[in-house]
Amino acid sequence: MNRTVMVMLTAIAAAAWLQTVRADEPVRKRSDPPVIRSSWDDLLEGVDTPEDWQARKQVLRRRYLELIRDEYKPEKPPLDLKVHEEVTVDGTYVRKLISYNVEADERAHAYLGIPLERNGRLPGIVALHGTFAQGKSRAAGLVDNPDKAYLDHLCRRGYVVIAPEHFVSGHRIPPEGPYDTSRFYKKHPNWTAVGKFTYEHSIAIDVLQSLDEVDGERIGALGHSLGGHGTFFLAAYDERVKAAACNCGASFFRHNPKVEGWSRDHWYVYFKPIRPGLLRGELPPIDFHEIIALIAPRAFLDVSGLNDGNPLTQRQRILMNLKIMDVYELEGTPENFAFFAHGRGHSVAHESRQLIYGWMDTHLKPAAATATKLVE
């Protein structure tokens, strides 16, 4: 049998098989898009207009400040900024180890990176590290995983970057060990660890705005894991953050089988005051979608792994983000919100980094920095 005949017979057989399959399939008809309903809809229940949303936003802001116990924060001291060491990296930027006051009797340390090539003031970024003992050193690219060397990456892209240490890491690791908050709660029994680190990261913005090299109106924030949810806690708290990106920023209160982890009875305790309620099965009156919504209309990008932890819990994040998009529509700035979900687990892989850094470029740099052009 020649090749032409074989091809014809194969085509005839395939057509017959396809006809049989189609005969068994139901006819698919056109339909309107389905209405997506979820438990995240409470964000906009009773909200029909932009004015309604602004009123709801005020309620959510009050609940957020109550959740972190913001009223118990100490009085902000003078910065008293000090430089402890200074190194030029690859002839591209200067990296400084600095410290500054965050309480009357407490100083934070951070790495600060300033590009050497500057044409006017540059945008500044607060880069928040994850749960790692020497977190600011990792953010500077000095130890551990270079995927998380945000300060180095961003200084090379033309940003002034501050990478502050978390208050139970680096120079301030307590005697009990990294990320143990027991001494913090003895000192501040009515405050929360989230309130503490959010307040300190807000002071890091003060540091950026005190620098002649920084355009104080173009401030961004980003981070991974602990630094990821720290980013949206900060952006919701401090409106000076004009663009934020959360990478793998943990799960939420609802649909979370391990919700008690937000108020565990040992080691790192995020929200100590809510533990009795969680043990009774009661959730706080605000959840993460409502906190993130406080960032609108400013730019926010959420990057998450569908397989980062409990899969069913993480998939809820898609529904959560769809509802947050509705808020940005109400604010009239849908272009300022985006999310990216992947299968890379708890990582900040290449494509995630490029998306995050590109997000910062789009929202913090002049339009010419990201413009394309035709080939001449």
# chains A, B, ... in the order shown; residues from 1 in each chain; ligands from 1
>>> residues_around(residues="stretch 192-203 of chain A", least_positions_apart="2", cutoff="6 Å", atoms="only C-alpha atoms", output="PyMOL selection string")
chain A and resi 68+70+205-206+234+270-271
>>> residues_around(residues="stretch 93-103 of chain A", least_positions_apart="6", cutoff="8 Å", atoms="only C-alpha atoms", output="list in words")
Pro74, Glu75, Lys76, Pro77, Pro78, Leu79, Asp80, Leu81, Lys82, Val83, His84, Glu85, Glu86, Val87, His109, Ala110, Tyr111, Leu112, Gly113, Ile114, Pro115, Leu116, Glu117, Cys155, Arg156, Glu200 and Ile203 of chain A
>>> select_by_dssp(residues="stretch 111-304 of chain A", states="strand (DSSP E)", output="PyMOL selection string")
chain A and resi 111-115+122-128+160-164+214-224+241-247+299-304
>>> residues_around(residues="A:Pro273", least_positions_apart="2", cutoff="9 Å", atoms="only C-alpha atoms", output="ChimeraX atom specification")
/A:67,69,190-192,263,271,275-277
>>> write_last_selection(atoms="N, CA, C and O atoms", output="mmCIF file, in the first residue's frame")
data_model
loop_
_atom_site.group_PDB
_atom_site.id
_atom_site.type_symbol
_atom_site.label_atom_id
_atom_site.label_comp_id
_atom_site.auth_asym_id
_atom_site.auth_seq_id
_atom_site.Cartn_x
_atom_site.Cartn_y
_atom_site.Cartn_z
ATOM 1 N N LEU A 67 -6.924 45.984 65.029
ATOM 2 C CA LEU A 67 -6.322 44.656 64.953
ATOM 3 C C LEU A 67 -4.847 44.694 65.352
ATOM 4 O O LEU A 67 -4.377 43.842 66.109
ATOM 5 N N ARG A 69 -3.474 47.006 67.108
ATOM 6 C CA ARG A 69 -3.385 47.755 68.378
ATOM 7 C C ARG A 69 -2.481 48.984 68.228
ATOM 8 O O ARG A 69 -1.579 49.228 69.033
ATOM 9 N N ASN A 190 0.185 45.275 75.405
ATOM 10 C CA ASN A 190 -1.064 45.596 74.712
ATOM 11 C C ASN A 190 -0.898 45.822 73.212
ATOM 12 O O ASN A 190 -1.891 45.965 72.490
ATOM 13 N N TRP A 191 0.337 45.859 72.744
ATOM 14 C CA TRP A 191 0.619 46.088 71.329
ATOM 15 C C TRP A 191 0.637 44.736 70.615
ATOM 16 O O TRP A 191 0.356 43.690 71.224
ATOM 17 N N THR A 192 0.962 44.707 69.331
ATOM 18 C CA THR A 192 1.114 43.451 68.589
ATOM 19 C C THR A 192 2.427 43.474 67.823
ATOM 20 O O THR A 192 2.952 44.541 67.493
ATOM 21 N N SER A 263 -1.767 33.557 66.046
ATOM 22 C CA SER A 263 -1.679 33.939 67.457
ATOM 23 C C SER A 263 -1.271 32.722 68.279
ATOM 24 O O SER A 263 -1.932 32.349 69.244
ATOM 25 N N PHE A 271 -0.365 38.320 66.496
ATOM 26 C CA PHE A 271 -1.463 39.094 67.115
ATOM 27 C C PHE A 271 -1.856 38.413 68.428
ATOM 28 O O PHE A 271 -2.810 37.629 68.476
ATOM 29 N N ARG A 275 -5.927 35.694 70.367
ATOM 30 C CA ARG A 275 -5.866 34.253 70.618
ATOM 31 C C ARG A 275 -7.121 33.707 71.304
ATOM 32 O O ARG A 275 -7.658 32.668 70.869
ATOM 33 N N PRO A 276 -7.640 34.323 72.357
ATOM 34 C CA PRO A 276 -8.847 33.770 72.988
ATOM 35 C C PRO A 276 -10.001 33.610 72.006
ATOM 36 O O PRO A 276 -10.700 32.593 72.019
ATOM 37 N N GLY A 277 -10.190 34.602 71.131
ATOM 38 C CA GLY A 277 -11.264 34.514 70.153
ATOM 39 C C GLY A 277 -11.032 33.390 69.157
ATOM 40 O O GLY A 277 -11.964 32.640 68.818
#
>>> residues_around(residues="A:Glu335", least_positions_apart="4", cutoff="9 Å", atoms="only C-alpha atoms", output="VMD selection string")
chain A and resid 299 328 to 329
>>> write_last_selection(atoms="all heavy atoms", output="PDB file, in the first residue's frame")
ATOM      1  N   ALA A 299      -0.956  51.561  43.824  1.00  0.00           N
ATOM      2  CA  ALA A 299      -0.638  50.339  43.080  1.00  0.00           C
ATOM      3  C   ALA A 299      -0.295  49.174  44.006  1.00  0.00           C
ATOM      4  O   ALA A 299       0.500  49.321  44.946  1.00  0.00           O
ATOM      5  CB  ALA A 299       0.531  50.607  42.133  1.00  0.00           C
ATOM      6  N   TYR A 328     -10.751  48.312  43.148  1.00  0.00           N
ATOM      7  CA  TYR A 328      -9.973  49.196  42.274  1.00  0.00           C
ATOM      8  C   TYR A 328     -10.832  49.753  41.143  1.00  0.00           C
ATOM      9  O   TYR A 328     -10.625  50.892  40.698  1.00  0.00           O
ATOM     10  CB  TYR A 328      -8.747  48.458  41.732  1.00  0.00           C
ATOM     11  CG  TYR A 328      -7.577  48.492  42.695  1.00  0.00           C
ATOM     12  CD1 TYR A 328      -7.497  47.595  43.758  1.00  0.00           C
ATOM     13  CD2 TYR A 328      -6.580  49.452  42.575  1.00  0.00           C
ATOM     14  CE1 TYR A 328      -6.437  47.642  44.652  1.00  0.00           C
ATOM     15  CE2 TYR A 328      -5.516  49.507  43.463  1.00  0.00           C
ATOM     16  CZ  TYR A 328      -5.448  48.601  44.503  1.00  0.00           C
ATOM     17  OH  TYR A 328      -4.401  48.661  45.406  1.00  0.00           O
ATOM     18  N   GLU A 329     -11.808  48.994  40.681  1.00  0.00           N
ATOM     19  CA  GLU A 329     -12.750  49.515  39.686  1.00  0.00           C
ATOM     20  C   GLU A 329     -13.553  50.662  40.287  1.00  0.00           C
ATOM     21  O   GLU A 329     -13.755  51.703  39.643  1.00  0.00           O
ATOM     22  CB  GLU A 329     -13.686  48.402  39.212  1.00  0.00           C
ATOM     23  CG  GLU A 329     -13.013  47.301  38.410  1.00  0.00           C
ATOM     24  CD  GLU A 329     -12.837  47.653  36.941  1.00  0.00           C
ATOM     25  OE1 GLU A 329     -13.088  48.816  36.562  1.00  0.00           O
ATOM     26  OE2 GLU A 329     -12.423  46.757  36.179  1.00  0.00           O
TER      27      GLU A 329
END
>>> closest_residue(among="A:Pro257, A:Pro284, A:Gly227, A:Gly135", to="A:Arg63", atoms="only C-alpha atoms")
A:Pro284
>>> select_by_dssp(residues="stretch 199-293 of chain A", states="alpha helix (DSSP H)", output="PDB file with N, CA, C and O atoms, in the first residue's frame")
ATOM      1  N   TYR A 199       4.993  49.657  62.194  1.00  0.00           N
ATOM      2  CA  TYR A 199       5.423  50.973  62.667  1.00  0.00           C
ATOM      3  C   TYR A 199       6.900  51.210  62.328  1.00  0.00           C
ATOM      4  O   TYR A 199       7.286  52.280  61.836  1.00  0.00           O
ATOM      5  N   GLU A 200       7.735  50.188  62.554  1.00  0.00           N
ATOM      6  CA  GLU A 200       9.162  50.332  62.251  1.00  0.00           C
ATOM      7  C   GLU A 200       9.409  50.476  60.752  1.00  0.00           C
ATOM      8  O   GLU A 200      10.278  51.250  60.326  1.00  0.00           O
ATOM      9  N   HIS A 201       8.667  49.749  59.945  1.00  0.00           N
ATOM     10  CA  HIS A 201       8.845  49.877  58.498  1.00  0.00           C
ATOM     11  C   HIS A 201       8.379  51.241  58.000  1.00  0.00           C
ATOM     12  O   HIS A 201       8.920  51.767  57.020  1.00  0.00           O
ATOM     13  N   SER A 202       7.420  51.823  58.701  1.00  0.00           N
ATOM     14  CA  SER A 202       7.007  53.190  58.383  1.00  0.00           C
ATOM     15  C   SER A 202       8.134  54.174  58.705  1.00  0.00           C
ATOM     16  O   SER A 202       8.350  55.141  57.965  1.00  0.00           O
ATOM     17  N   ILE A 203       8.871  53.891  59.762  1.00  0.00           N
ATOM     18  CA  ILE A 203      10.024  54.726  60.098  1.00  0.00           C
ATOM     19  C   ILE A 203      11.119  54.574  59.043  1.00  0.00           C
ATOM     20  O   ILE A 203      11.850  55.531  58.742  1.00  0.00           O
ATOM     21  N   ALA A 204      11.221  53.386  58.434  1.00  0.00           N
ATOM     22  CA  ALA A 204      12.176  53.204  57.343  1.00  0.00           C
ATOM     23  C   ALA A 204      11.845  54.137  56.170  1.00  0.00           C
ATOM     24  O   ALA A 204      12.744  54.615  55.471  1.00  0.00           O
ATOM     25  N   ILE A 205      10.549  54.408  55.970  1.00  0.00           N
ATOM     26  CA  ILE A 205      10.167  55.391  54.952  1.00  0.00           C
ATOM     27  C   ILE A 205      10.654  56.779  55.359  1.00  0.00           C
ATOM     28  O   ILE A 205      11.104  57.565  54.519  1.00  0.00           O
ATOM     29  N   ASP A 206      10.576  57.094  56.656  1.00  0.00           N
ATOM     30  CA  ASP A 206      11.124  58.367  57.146  1.00  0.00           C
ATOM     31  C   ASP A 206      12.591  58.501  56.759  1.00  0.00           C
ATOM     32  O   ASP A 206      13.053  59.582  56.357  1.00  0.00           O
ATOM     33  N   VAL A 207      13.329  57.386  56.906  1.00  0.00           N
ATOM     34  CA  VAL A 207      14.744  57.407  56.560  1.00  0.00           C
ATOM     35  C   VAL A 207      14.918  57.724  55.081  1.00  0.00           C
ATOM     36  O   VAL A 207      15.715  58.602  54.704  1.00  0.00           O
ATOM     37  N   LEU A 208      14.178  57.046  54.216  1.00  0.00           N
ATOM     38  CA  LEU A 208      14.283  57.311  52.781  1.00  0.00           C
ATOM     39  C   LEU A 208      13.964  58.768  52.469  1.00  0.00           C
ATOM     40  O   LEU A 208      14.670  59.416  51.683  1.00  0.00           O
ATOM     41  N   GLN A 209      12.916  59.285  53.066  1.00  0.00           N
ATOM     42  CA  GLN A 209      12.505  60.656  52.762  1.00  0.00           C
ATOM     43  C   GLN A 209      13.468  61.694  53.332  1.00  0.00           C
ATOM     44  O   GLN A 209      13.429  62.857  52.933  1.00  0.00           O
ATOM     45  N   LEU A 226       7.259  36.526  55.142  1.00  0.00           N
ATOM     46  CA  LEU A 226       7.011  37.496  56.217  1.00  0.00           C
ATOM     47  C   LEU A 226       7.112  38.917  55.681  1.00  0.00           C
ATOM     48  O   LEU A 226       6.318  39.794  56.041  1.00  0.00           O
ATOM     49  N   GLY A 227       8.073  39.144  54.800  1.00  0.00           N
ATOM     50  CA  GLY A 227       8.188  40.454  54.165  1.00  0.00           C
ATOM     51  C   GLY A 227       7.072  40.719  53.183  1.00  0.00           C
ATOM     52  O   GLY A 227       6.767  41.876  52.882  1.00  0.00           O
ATOM     53  N   GLY A 228       6.454  39.653  52.671  1.00  0.00           N
ATOM     54  CA  GLY A 228       5.334  39.811  51.747  1.00  0.00           C
ATOM     55  C   GLY A 228       4.100  40.349  52.433  1.00  0.00           C
ATOM     56  O   GLY A 228       3.537  41.371  52.018  1.00  0.00           O
ATOM     57  N   HIS A 229       3.671  39.671  53.511  1.00  0.00           N
ATOM     58  CA  HIS A 229       2.509  40.250  54.200  1.00  0.00           C
ATOM     59  C   HIS A 229       2.894  41.507  54.961  1.00  0.00           C
ATOM     60  O   HIS A 229       2.061  42.397  55.147  1.00  0.00           O
ATOM     61  N   GLY A 230       4.169  41.621  55.341  1.00  0.00           N
ATOM     62  CA  GLY A 230       4.616  42.883  55.918  1.00  0.00           C
ATOM     63  C   GLY A 230       4.448  44.041  54.957  1.00  0.00           C
ATOM     64  O   GLY A 230       4.188  45.172  55.357  1.00  0.00           O
ATOM     65  N   THR A 231       4.562  43.753  53.653  1.00  0.00           N
ATOM     66  CA  THR A 231       4.409  44.794  52.636  1.00  0.00           C
ATOM     67  C   THR A 231       2.991  45.331  52.590  1.00  0.00           C
ATOM     68  O   THR A 231       2.775  46.544  52.567  1.00  0.00           O
ATOM     69  N   PHE A 232       1.982  44.441  52.561  1.00  0.00           N
ATOM     70  CA  PHE A 232       0.630  45.006  52.490  1.00  0.00           C
ATOM     71  C   PHE A 232       0.165  45.553  53.822  1.00  0.00           C
ATOM     72  O   PHE A 232      -0.644  46.485  53.864  1.00  0.00           O
ATOM     73  N   PHE A 233       0.688  45.032  54.933  1.00  0.00           N
ATOM     74  CA  PHE A 233       0.393  45.677  56.214  1.00  0.00           C
ATOM     75  C   PHE A 233       0.919  47.115  56.204  1.00  0.00           C
ATOM     76  O   PHE A 233       0.254  48.039  56.665  1.00  0.00           O
ATOM     77  N   LEU A 234       2.135  47.297  55.667  1.00  0.00           N
ATOM     78  CA  LEU A 234       2.742  48.630  55.614  1.00  0.00           C
ATOM     79  C   LEU A 234       1.998  49.544  54.643  1.00  0.00           C
ATOM     80  O   LEU A 234       1.695  50.699  54.976  1.00  0.00           O
ATOM     81  N   ALA A 235       1.713  49.051  53.430  1.00  0.00           N
ATOM     82  CA  ALA A 235       1.062  49.895  52.432  1.00  0.00           C
ATOM     83  C   ALA A 235      -0.336  50.310  52.867  1.00  0.00           C
ATOM     84  O   ALA A 235      -0.780  51.421  52.570  1.00  0.00           O
ATOM     85  N   ALA A 236      -1.037  49.432  53.585  1.00  0.00           N
ATOM     86  CA  ALA A 236      -2.360  49.788  54.104  1.00  0.00           C
ATOM     87  C   ALA A 236      -2.247  50.817  55.225  1.00  0.00           C
ATOM     88  O   ALA A 236      -3.152  51.628  55.427  1.00  0.00           O
ATOM     89  N   TYR A 237      -1.131  50.791  55.929  1.00  0.00           N
ATOM     90  CA  TYR A 237      -0.911  51.665  57.089  1.00  0.00           C
ATOM     91  C   TYR A 237      -0.408  53.041  56.694  1.00  0.00           C
ATOM     92  O   TYR A 237      -0.796  54.056  57.283  1.00  0.00           O
ATOM     93  N   ARG A 275      -5.927  35.694  70.367  1.00  0.00           N
ATOM     94  CA  ARG A 275      -5.866  34.253  70.618  1.00  0.00           C
ATOM     95  C   ARG A 275      -7.121  33.707  71.304  1.00  0.00           C
ATOM     96  O   ARG A 275      -7.658  32.668  70.869  1.00  0.00           O
ATOM     97  N   PRO A 276      -7.640  34.323  72.357  1.00  0.00           N
ATOM     98  CA  PRO A 276      -8.847  33.770  72.988  1.00  0.00           C
ATOM     99  C   PRO A 276     -10.001  33.610  72.006  1.00  0.00           C
ATOM    100  O   PRO A 276     -10.700  32.593  72.019  1.00  0.00           O
ATOM    101  N   GLY A 277     -10.190  34.602  71.131  1.00  0.00           N
ATOM    102  CA  GLY A 277     -11.264  34.514  70.153  1.00  0.00           C
ATOM    103  C   GLY A 277     -11.032  33.390  69.157  1.00  0.00           C
ATOM    104  O   GLY A 277     -11.964  32.640  68.818  1.00  0.00           O
ATOM    105  N   LEU A 278      -9.793  33.241  68.679  1.00  0.00           N
ATOM    106  CA  LEU A 278      -9.500  32.167  67.725  1.00  0.00           C
ATOM    107  C   LEU A 278      -9.762  30.800  68.338  1.00  0.00           C
ATOM    108  O   LEU A 278     -10.285  29.894  67.675  1.00  0.00           O
ATOM    109  N   LEU A 279      -9.419  30.639  69.609  1.00  0.00           N
ATOM    110  CA  LEU A 279      -9.645  29.353  70.272  1.00  0.00           C
ATOM    111  C   LEU A 279     -11.132  29.062  70.457  1.00  0.00           C
ATOM    112  O   LEU A 279     -11.537  27.897  70.599  1.00  0.00           O
ATOM    113  N   PHE A 288      -7.699  39.731  55.428  1.00  0.00           N
ATOM    114  CA  PHE A 288      -6.617  40.294  54.627  1.00  0.00           C
ATOM    115  C   PHE A 288      -7.100  40.982  53.361  1.00  0.00           C
ATOM    116  O   PHE A 288      -6.481  41.946  52.898  1.00  0.00           O
ATOM    117  N   HIS A 289      -8.205  40.505  52.765  1.00  0.00           N
ATOM    118  CA  HIS A 289      -8.704  41.184  51.567  1.00  0.00           C
ATOM    119  C   HIS A 289      -9.156  42.594  51.883  1.00  0.00           C
ATOM    120  O   HIS A 289      -9.024  43.510  51.067  1.00  0.00           O
ATOM    121  N   GLU A 290      -9.652  42.792  53.105  1.00  0.00           N
ATOM    122  CA  GLU A 290     -10.103  44.120  53.516  1.00  0.00           C
ATOM    123  C   GLU A 290      -8.919  45.023  53.852  1.00  0.00           C
ATOM    124  O   GLU A 290      -8.971  46.238  53.616  1.00  0.00           O
ATOM    125  N   ILE A 291      -7.849  44.432  54.379  1.00  0.00           N
ATOM    126  CA  ILE A 291      -6.641  45.207  54.648  1.00  0.00           C
ATOM    127  C   ILE A 291      -5.990  45.632  53.334  1.00  0.00           C
ATOM    128  O   ILE A 291      -5.621  46.800  53.152  1.00  0.00           O
ATOM    129  N   ILE A 292      -5.873  44.693  52.395  1.00  0.00           N
ATOM    130  CA  ILE A 292      -5.279  45.019  51.091  1.00  0.00           C
ATOM    131  C   ILE A 292      -6.109  46.082  50.381  1.00  0.00           C
ATOM    132  O   ILE A 292      -5.566  46.975  49.716  1.00  0.00           O
ATOM    133  N   ALA A 293      -7.437  46.018  50.516  1.00  0.00           N
ATOM    134  CA  ALA A 293      -8.307  46.986  49.846  1.00  0.00           C
ATOM    135  C   ALA A 293      -8.036  48.413  50.309  1.00  0.00           C
ATOM    136  O   ALA A 293      -8.320  49.374  49.583  1.00  0.00           O
TER     137      ALA A 293
END
>>> residues_around(residues="A:Val59", least_positions_apart="3", cutoff="12 Å", atoms="only C-alpha atoms", output="ChimeraX atom specification")
/A:43,52-56,62-66,285-286,290-291,293-294
>>> closest_residue(among="A:Glu45, A:Asp308, A:Glu71, A:Asp265", to="A:Thr181", atoms="only C-alpha atoms")
A:Asp265
>>> closest_residue(among="A:Gly158, A:Gly261, A:Lys148, A:Val241", to="A:Val126", atoms="only C-alpha atoms")
A:Val241
>>> atom_distance(atom1="atom CA of A:Ala140", atom2="atom CA of A:Gly91")
15.7 Å
>>> atom_distance(atom1="atom CA of A:Gly249", atom2="atom CA of A:Ser304")
7.3 Å
>>> atom_distance(atom1="atom CA of A:Pro366", atom2="atom CA of A:Glu217")
12.5 Å
>>> closest_residue(among="A:His153, A:Lys186, A:His363, A:Arg315", to="A:Gly343", atoms="only C-alpha atoms")
A:Arg315
>>> closest_residue(among="A:Ile295, A:Met325, A:Ala244, A:Val143", to="A:Leu60", atoms="only C-alpha atoms")
A:Ile295
